[in-house]
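Peer 1: Dropping in final23.cif, which is mmCIF, C-alpha atoms (C1' of nucleotides):
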```cif
data_entry
loop_
_atom_site.label_atom_id
_atom_site.label_comp_id
_atom_site.auth_asym_id
_atom_site.auth_seq_id
_atom_site.Cartn_x
_atom_site.Cartn_y
_atom_site.Cartn_z
CA MET Z 602 -22.09 9.38 15.88
CA LYS Z 603 -19.47 8.90 18.56
CA ILE Z 604 -17.49 5.79 19.46
CA GLU Z 605 -14.84 4.92 22.00
CA ILE Z 606 -11.68 3.01 21.12
CA PHE Z 607 -9.31 1.91 23.86
CA ASP Z 608 -6.92 -0.18 21.77
CA ASP Z 609 -4.02 1.21 19.69
CA PHE Z 610 -5.61 3.65 17.25
CA ASP Z 611 -3.86 6.65 15.73
CA LEU Z 612 -5.46 8.23 12.67
CA LYS Z 613 -2.38 10.21 11.68
CA LYS Z 614 -0.11 7.20 11.80
CA ILE Z 615 -2.58 5.08 9.85
CA ALA Z 616 -2.87 7.82 7.23
CA ASP Z 617 0.93 7.96 6.91
CA SER Z 618 1.56 4.24 7.09
CA GLY Z 619 1.54 3.74 3.33
CA GLN Z 620 -1.18 1.08 3.30
CA CYS Z 621 -3.95 3.44 2.18
CA PHE Z 622 -4.02 6.20 -0.40
CA ARG Z 623 -7.44 7.79 0.12
CA PHE Z 624 -7.10 8.55 3.83
CA ASN Z 625 -6.10 12.17 4.28
CA GLU Z 626 -5.88 14.72 7.04
CA HIS Z 627 -8.34 17.51 6.46
CA GLY Z 628 -9.18 20.29 8.90
CA ASP Z 629 -9.54 18.79 12.34
CA GLY Z 630 -10.04 15.22 11.16
CA TYR Z 631 -9.55 12.73 8.34
CA GLU Z 632 -11.36 12.13 5.08
CA VAL Z 633 -11.51 8.41 4.39
CA THR Z 634 -12.73 6.92 1.13
CA ALA Z 635 -13.03 3.17 0.64
CA SER Z 636 -14.62 1.60 -2.44
CA SER Z 637 -17.98 3.40 -2.64
CA ARG Z 638 -18.08 4.82 0.87
CA HIS Z 639 -16.80 7.99 2.40
CA LEU Z 640 -16.28 8.94 6.03
CA PHE Z 641 -15.13 11.95 7.98
CA ILE Z 642 -13.65 10.95 11.32
CA LYS Z 643 -12.07 13.05 14.04
CA LYS Z 644 -10.73 12.53 17.50
CA SER Z 645 -12.97 14.20 20.05
CA GLY Z 646 -11.60 12.95 23.36
CA GLU Z 647 -8.86 10.83 24.82
CA PHE Z 648 -10.56 7.66 23.60
CA GLU Z 649 -13.50 9.19 21.76
CA TYR Z 650 -14.01 9.62 18.02
CA GLU Z 651 -16.71 11.33 16.03
CA LEU Z 652 -17.81 9.78 12.73
CA ASP Z 653 -20.21 11.29 10.21
CA CYS Z 654 -21.98 8.00 9.53
CA SER Z 655 -24.98 6.21 11.02
CA PRO Z 656 -24.56 3.65 13.81
CA ASP Z 657 -25.76 1.09 11.30
CA GLU Z 658 -23.06 1.93 8.78
CA TYR Z 659 -20.45 1.94 11.52
CA GLU Z 660 -21.48 -1.51 12.73
CA ASN Z 661 -21.76 -2.95 9.25
CA PHE Z 662 -18.73 -1.41 7.62
CA TRP Z 663 -16.38 1.00 9.34
CA LYS Z 664 -15.89 -1.03 12.51
CA ASN Z 665 -14.60 -3.85 10.38
CA TYR Z 666 -12.66 -1.48 8.10
CA PHE Z 667 -10.61 -0.24 11.05
CA ASP Z 668 -10.10 -3.85 12.18
CA LEU Z 669 -11.44 -3.04 15.62
CA GLY Z 670 -11.96 -6.71 16.41
CA LEU Z 671 -8.23 -7.35 16.77
CA ASP Z 672 -6.21 -6.49 19.87
CA TYR Z 673 -3.15 -4.69 18.51
CA ARG Z 674 -1.89 -3.79 21.96
CA GLU Z 675 -1.67 -7.45 22.85
CA ILE Z 676 0.19 -8.25 19.63
CA ARG Z 677 2.57 -5.35 20.25
CA GLY Z 678 3.14 -6.73 23.72
CA ARG Z 679 4.64 -9.89 22.25
CA ILE Z 680 7.74 -7.94 21.27
CA ASP Z 681 10.58 -8.60 23.67
CA LYS Z 682 12.69 -5.49 24.26
CA ASP Z 683 15.70 -7.54 25.29
CA GLU Z 684 15.53 -9.78 22.26
CA ASP Z 685 14.87 -7.12 19.61
CA ASP Z 686 15.36 -3.60 20.81
CA TYR Z 687 15.04 -2.11 17.34
CA LEU Z 688 11.62 -3.67 16.74
CA TYR Z 689 10.57 -2.60 20.22
CA ARG Z 690 11.46 1.01 19.45
CA ALA Z 691 9.75 0.79 16.06
CA ALA Z 692 6.56 -0.50 17.68
CA GLU Z 693 6.62 2.21 20.36
CA PHE Z 694 7.09 4.78 17.59
CA GLY Z 695 4.35 3.27 15.43
CA LYS Z 696 1.92 2.46 18.23
CA GLY Z 697 -1.56 3.17 16.89
CA ILE Z 698 -1.04 1.76 13.42
CA ARG Z 699 -3.61 -0.86 12.46
CA ILE Z 700 -3.92 -2.87 9.27
CA LEU Z 701 -7.12 -1.70 7.63
CA ARG Z 702 -9.48 -4.19 6.06
CA GLN Z 703 -9.50 -2.76 2.58
CA ASP Z 704 -11.06 -4.04 -0.60
CA PRO Z 705 -8.95 -6.55 -2.60
CA TRP Z 706 -9.78 -4.96 -5.94
CA GLU Z 707 -8.97 -1.44 -4.80
CA MET Z 708 -5.72 -2.61 -3.21
CA LEU Z 709 -4.68 -4.57 -6.28
CA ILE Z 710 -4.99 -1.57 -8.57
CA SER Z 711 -3.51 0.80 -5.99
CA PHE Z 712 -0.39 -1.29 -5.51
CA ILE Z 713 0.03 -1.94 -9.23
CA ILE Z 714 0.06 1.84 -9.59
CA SER Z 715 2.48 2.22 -6.67
CA GLN Z 716 5.48 0.68 -8.39
CA ARG Z 717 8.35 3.13 -8.76
CA LYS Z 718 6.22 6.02 -7.56
CA ASN Z 719 6.36 8.00 -4.36
CA ILE Z 720 3.31 8.24 -2.15
CA PRO Z 721 2.07 11.69 -3.28
CA ALA Z 722 2.31 10.53 -6.90
CA ILE Z 723 0.40 7.33 -6.10
CA LYS Z 724 -2.35 9.32 -4.41
CA ALA Z 725 -2.55 11.75 -7.31
CA SER Z 726 -2.88 8.94 -9.86
CA ILE Z 727 -5.58 7.18 -7.87
CA GLU Z 728 -7.61 10.37 -7.45
CA LYS Z 729 -7.31 11.05 -11.18
CA LEU Z 730 -8.51 7.53 -11.91
CA CYS Z 731 -11.52 7.97 -9.63
CA ALA Z 732 -12.27 11.37 -11.16
CA ALA Z 733 -11.92 9.96 -14.68
CA VAL Z 734 -14.81 7.59 -13.97
CA SER Z 735 -16.58 10.23 -11.88
CA ARG Z 736 -19.12 8.12 -10.01
CA LYS Z 737 -20.00 10.54 -7.26
CA ILE Z 738 -20.74 9.02 -3.86
CA GLY Z 739 -20.92 12.11 -1.71
CA THR Z 740 -19.11 15.24 -0.67
CA ASP Z 741 -16.19 15.87 1.64
CA SER Z 742 -16.25 18.16 4.67
CA GLU Z 743 -15.84 21.18 2.38
CA GLY Z 744 -18.57 20.16 -0.01
CA ARG Z 745 -16.31 18.92 -2.79
CA ALA Z 746 -17.37 15.86 -4.76
CA VAL Z 747 -16.01 12.51 -3.64
CA TYR Z 748 -15.75 9.80 -6.27
CA ALA Z 749 -15.95 6.06 -5.76
CA PHE Z 750 -13.02 3.83 -6.55
CA PRO Z 751 -13.84 2.47 -10.04
CA THR Z 752 -15.19 -1.06 -10.36
CA PRO Z 753 -13.42 -3.55 -12.66
CA GLU Z 754 -16.17 -3.00 -15.21
CA GLU Z 755 -15.79 0.76 -15.06
CA LEU Z 756 -12.03 0.55 -15.55
CA ALA Z 757 -12.33 -2.03 -18.30
CA GLY Z 758 -14.64 0.32 -20.16
CA LEU Z 759 -12.74 3.56 -19.56
CA SER Z 760 -11.58 5.23 -22.78
CA ASP Z 761 -7.88 5.19 -23.65
CA GLU Z 762 -7.84 8.97 -23.46
CA LYS Z 763 -9.22 9.06 -19.94
CA LEU Z 764 -6.93 6.29 -18.76
CA ALA Z 765 -3.97 8.14 -20.26
CA SER Z 766 -4.95 11.25 -18.31
CA CYS Z 767 -4.27 9.56 -14.96
CA SER Z 768 -0.45 9.82 -15.02
CA LEU Z 769 -0.08 6.08 -14.82
CA GLY Z 770 2.76 5.97 -17.32
CA TYR Z 771 3.73 2.45 -18.35
CA ARG Z 772 1.45 1.07 -15.60
CA ASP Z 773 -1.66 1.94 -17.59
CA LYS Z 774 -1.52 -1.35 -19.47
CA TYR Z 775 -1.21 -3.28 -16.21
CA VAL Z 776 -4.27 -1.53 -14.79
CA ARG Z 777 -6.25 -2.11 -17.97
CA GLN Z 778 -5.35 -5.80 -18.10
CA ALA Z 779 -6.23 -6.37 -14.45
CA ALA Z 780 -9.60 -4.71 -15.04
CA LEU Z 781 -10.26 -6.88 -18.09
CA ASP Z 782 -9.19 -10.04 -16.23
CA VAL Z 783 -11.51 -9.38 -13.30
CA ALA Z 784 -14.42 -7.92 -15.28
CA SER Z 785 -14.42 -10.90 -17.65
CA GLY Z 786 -14.44 -13.36 -14.78
CA ALA Z 787 -11.13 -14.89 -15.84
CA VAL Z 788 -9.88 -13.89 -12.40
CA SER Z 789 -12.09 -14.00 -9.31
CA LEU Z 790 -10.70 -12.00 -6.42
CA ASP Z 791 -13.50 -13.36 -4.22
CA LYS Z 792 -12.52 -16.97 -4.90
CA TRP Z 793 -8.90 -16.13 -4.16
CA GLY Z 794 -10.09 -15.16 -0.71
CA ASP Z 795 -10.68 -18.86 -0.01
CA ALA Z 796 -7.41 -20.02 -1.55
CA SER Z 797 -4.36 -21.16 0.38
CA ASP Z 798 -1.55 -18.65 0.86
CA GLU Z 799 0.46 -20.41 -1.79
CA GLU Z 800 -2.36 -20.51 -4.33
CA LEU Z 801 -3.15 -16.87 -3.70
CA MET Z 802 0.46 -15.86 -4.29
CA THR Z 803 0.68 -17.92 -7.47
CA GLY Z 804 -2.54 -16.40 -8.79
CA LEU Z 805 -1.40 -12.86 -8.08
CA LEU Z 806 2.01 -13.39 -9.68
CA GLY Z 807 0.22 -14.51 -12.82
CA LEU Z 808 -1.26 -11.04 -13.27
CA PHE Z 809 0.47 -8.69 -15.69
CA GLY Z 810 2.40 -6.07 -13.73
CA VAL Z 811 2.26 -7.91 -10.41
CA GLY Z 812 5.56 -9.08 -8.94
CA VAL Z 813 6.48 -10.35 -5.50
CA LYS Z 814 6.34 -7.01 -3.72
CA VAL Z 815 2.96 -5.92 -5.09
CA ALA Z 816 1.58 -9.42 -4.49
CA ASN Z 817 2.62 -9.28 -0.84
CA CYS Z 818 1.02 -5.87 -0.42
CA GLU Z 819 -2.19 -7.27 -1.90
CA ILE Z 820 -2.07 -10.28 0.42
CA LEU Z 821 -1.49 -8.12 3.50
CA PHE Z 822 -3.65 -5.10 2.78
CA GLY Z 823 -6.23 -6.51 0.35
CA TYR Z 824 -6.74 -9.95 1.87
CA HIS Z 825 -5.78 -9.04 5.42
CA ARG Z 826 -3.50 -12.05 5.78
CA LEU Z 827 -1.45 -10.54 8.54
CA ASP Z 828 1.63 -12.71 8.19
CA ALA Z 829 2.54 -11.33 4.75
CA PHE Z 830 5.71 -9.26 4.87
CA PRO Z 831 6.14 -7.01 1.81
CA LYS Z 832 9.76 -6.07 1.15
CA ASP Z 833 10.10 -2.67 -0.45
CA VAL Z 834 13.19 -0.50 -0.63
CA TRP Z 835 12.67 0.79 2.91
CA ILE Z 836 12.19 -2.61 4.49
CA ASN Z 837 15.17 -3.93 2.57
CA ARG Z 838 17.28 -1.12 4.03
CA VAL Z 839 16.04 -2.03 7.51
CA LEU Z 840 16.79 -5.71 7.02
CA GLU Z 841 20.21 -4.94 5.64
CA LEU Z 842 21.24 -2.40 8.28
CA LYS Z 843 19.45 -3.61 11.41
CA TYR Z 844 19.02 -7.34 10.85
CA PRO Z 845 22.26 -8.61 9.30
CA ASN Z 846 21.60 -11.94 11.03
CA GLY Z 847 17.97 -12.13 9.94
CA PHE Z 848 14.58 -11.11 11.32
CA ASN Z 849 12.83 -13.56 13.64
CA PHE Z 850 9.77 -14.33 11.51
CA ASP Z 851 8.95 -17.44 13.54
CA LYS Z 852 8.45 -15.50 16.74
CA TYR Z 853 5.89 -13.06 15.34
CA ALA Z 854 3.84 -15.39 13.15
CA PRO Z 855 1.04 -15.04 12.22
CA TYR Z 856 1.47 -11.27 12.61
CA ASN Z 857 4.69 -10.51 10.76
CA GLY Z 858 2.78 -8.04 8.57
CA ILE Z 859 2.04 -5.88 11.60
CA MET Z 860 5.72 -5.90 12.50
CA GLN Z 861 6.49 -4.94 8.91
CA GLN Z 862 4.26 -1.89 9.32
CA TYR Z 863 6.06 -0.78 12.47
CA LEU Z 864 9.44 -1.23 10.80
CA PHE Z 865 8.33 0.55 7.64
CA TYR Z 866 6.83 3.51 9.45
CA TYR Z 867 9.82 3.86 11.79
CA SER Z 868 12.38 3.58 9.01
CA ARG Z 869 10.69 6.27 6.95
CA ASN Z 870 10.34 8.73 9.78
CA ASP Z 871 13.14 8.33 12.25
CA GLY Z 872 14.53 4.87 12.60
CA LEU Z 873 17.39 4.82 10.11
CA ILE Z 874 18.99 8.03 11.27
"C1'" DA R 89 20.15 18.57 -16.14
"C1'" DG R 90 20.22 14.12 -14.36
"C1'" DG R 91 18.71 11.08 -10.89
"C1'" DC R 92 15.35 8.90 -8.40
"C1'" DA R 93 10.78 7.19 -6.52
"C1'" DG R 94 6.76 1.54 -2.22
"C1'" DG R 95 9.02 -2.70 -9.09
"C1'" DT R 96 8.14 -5.50 -13.06
"C1'" DT R 97 8.97 -7.01 -17.58
"C1'" DC R 98 11.84 -7.98 -21.23
"C1'" DT R 99 16.21 -9.21 -23.03
"C1'" DT R 100 20.43 -11.44 -23.05
"C1'" DA R 101 23.98 -14.88 -21.63
"C1'" DT K 586 18.28 -18.90 -13.72
"C1'" DA K 587 20.19 -14.74 -13.15
"C1'" DA K 588 21.82 -10.26 -13.89
"C1'" DG K 589 20.96 -5.75 -16.44
"C1'" DA K 590 18.42 -2.54 -19.10
"C1'" DA K 591 14.10 -0.24 -20.13
"C1'" DC K 592 10.08 1.76 -18.61
"C1'" DC K 593 6.19 6.69 -17.79
"C1'" DT K 594 5.88 10.62 -15.06
"C1'" DG K 595 6.65 14.15 -11.73
"C1'" DC K 596 9.60 16.34 -8.67
"C1'" DC K 597 13.79 17.99 -6.79
#
```
Is it possible to express this structure as structure tokens?

Peer 2:
Amino acid sequence: MKIEIFDDFDLKKIADSGQCFRFNEHGDGYEVTASSRHLFIKKSGEFEYELDCSPDEYENFWKNYFDLGLDYREIRGRIDKDEDDYLYRAAEFGKGIRILRQDPWEMLISFIISQRKNIPAIKASIEKLCAAVSRKIGTDSEGRAVYAFPTPEELAGLSDEKLASCSLGYRDKYVRQAALDVASGAVSLDKWGDASDEELMTGLLGLFGVGVKVANCEILFGYHRLDAFPKDVWINRVLELKYPNGFNFDKYAPYNGIMQQYLFYYSRNDGLI
DNA sequence: AGGCAGGTTCTTA
DNA sequence: TAAGAACCTGCC
């Protein structure tokens, strides 16, 4: 099916923004896998996109996944060039990035895996984990099997050998524990969705292998609380070099997380040169 | 070969 | 409570 999108929307920038690990350029479009769904999407006109899903699946899932209900152009417009020229340039550079509405469970495991790994290594580990469970949900544009992201139950029950084959290193015990916590019901990611920001943070920090940075990634990308501002090495460099007097978090609330994405993307590609 | 990559835990003072 | 070391693995 075809759709039209007039707001900020750039598939390449989203794929490279570091918020998603199963969103890859392939041929003339992008293969996107989320939980137990797979999509091939490509740009087919100035504002037109072609998706290999039904209108029903688009309306019920992918439209929300791409966060098409939020006006990113308007939020970007709140940046004052005169007040913060660096952020303005970062936002111009990153125009088209959106914060996807991804699954809390998938994000939790993905960002636990991310610690002290580079992005290709994170992607490789996640694909190995999905392949280790091997619940096939479809095929990609070249006919290769696509596997679902494992459920908590599937990960909790995965053999030690298979888990060890995913190049998780010391993170394997974090992943296993998170799976056991959620599968047993000791932790309810759904209930956390209704918790206050503070309660959510406290709950996440109680998980084995989850510190402040991973927790903030989970809050921003898994729970779509757009004011969360994860500080990784890149953002810390930006804050240190470009904001010696502090970043104006008050001005951009409740959308500091979107600003974080612009700063992150810019710093990794061009902005710190 | 040694250092480092989207950090967190464990140990020590 | 706060630094500093240790941690798996892959890649340069």

Peer 1: Name the residues captured by the PyMOL selection byres ((chain Z) within 8 of (chain R)) when it is applied to the shown file; answer as number ranges by chain.

Peer 2: Z: 619, 715-720, 810-812, 814-815, 833-835

Peer 1: If I take atom CA of Ser711 of chain Z and atom CA of Ile820 of chain Z, how far is one from the other in Å, to one decimal?

Peer 2: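 Computed distance, atom CA of Ser711 of chain Z to atom CA of Ile820 of chain Z, equals 12.9 Å.
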
Peer 1: What would the selection look like, as a compact mmCIF listing (two decimals) with C-alpha atoms (C1' of nucleotides), in the frame of the given file, if the PyMOL selection byres ((chain K) within 7 of (chain Z)) were run on the coordinates I just shared?

Peer 2:
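Done, and the output landed in result39.txt:
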```
# COMPACT_ATOMS: atom_id res chain seq x y z
C1' DC K 592 10.08 1.76 -18.61
C1' DC K 593 6.19 6.69 -17.79
C1' DT K 594 5.88 10.62 -15.06
```

Peer 1: Set the distance at 10 Å and use only C-alpha atoms (C1' of nucleotides): which residues neighbour segment 790-799 of chain Z once local chain neighbours fewer than 2 positions away are removed? I'd like the list as JSON, numbers by chain.

Peer 2: {"Z": [704, 705, 706, 709, 783, 786, 787, 788, 801, 802, 803, 804, 805, 820, 823, 824, 825, 826, 828, 829]}

Peer 1: Grab the atom CA of Phe610 of chain Z to atom CA of Tyr687 of chain Z distance for me, in Å with one decimal place.

Peer 2: 21.4 Å

Peer 1: Please enclose the listed atoms of segment 93-96 of chain R in an axis-aligned box, pad each side by 6 Å, and write out the centre and the three edge lengths in Å, rounded to one decimal, as AutoDock Vina command-line options.

Peer 2:
```
--center_x 8.8 --center_y 0.8 --center_z -7.6 --size_x 16.0 --size_y 24.7 --size_z 22.8
```

Peer 1: Could you tell me, as a list in words, exactly which residues end up selected when the PyMOL selection byres ((chain Z and resi 853-860) around 7) is applied to this structure?

Peer 2: Leu821, Leu827, Asp828, Ala829, Phe830, Phe850, Asp851, Lys852, Gln861, Gln862, Tyr863 and Leu864 of chain Z

Peer 1: Would you list the contacts of segment 675-680 of chain Z as a list in words, taking every protein, DNA or RNA residue within 10 Å and counting all atoms listed in the file, but skipping same-chain residues closer than 3 positions in sequence?

Peer 2: Asp608, Asp609, Leu671, Asp672, Asp683, Glu684, Asp685, Asp686, Leu688, Tyr689, Arg690, Ala692, Glu693, Lys696, Lys852, Tyr853, Tyr856, Ile859, Met860 and Tyr863 of chain Z

Peer 1: Calculate how many Å separate atom CA of Gln778 of chain Z from atom CA of Pro753 of chain Z, rounding to one decimal.

Peer 2: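 Distance between the two atoms: 10.0 Å.
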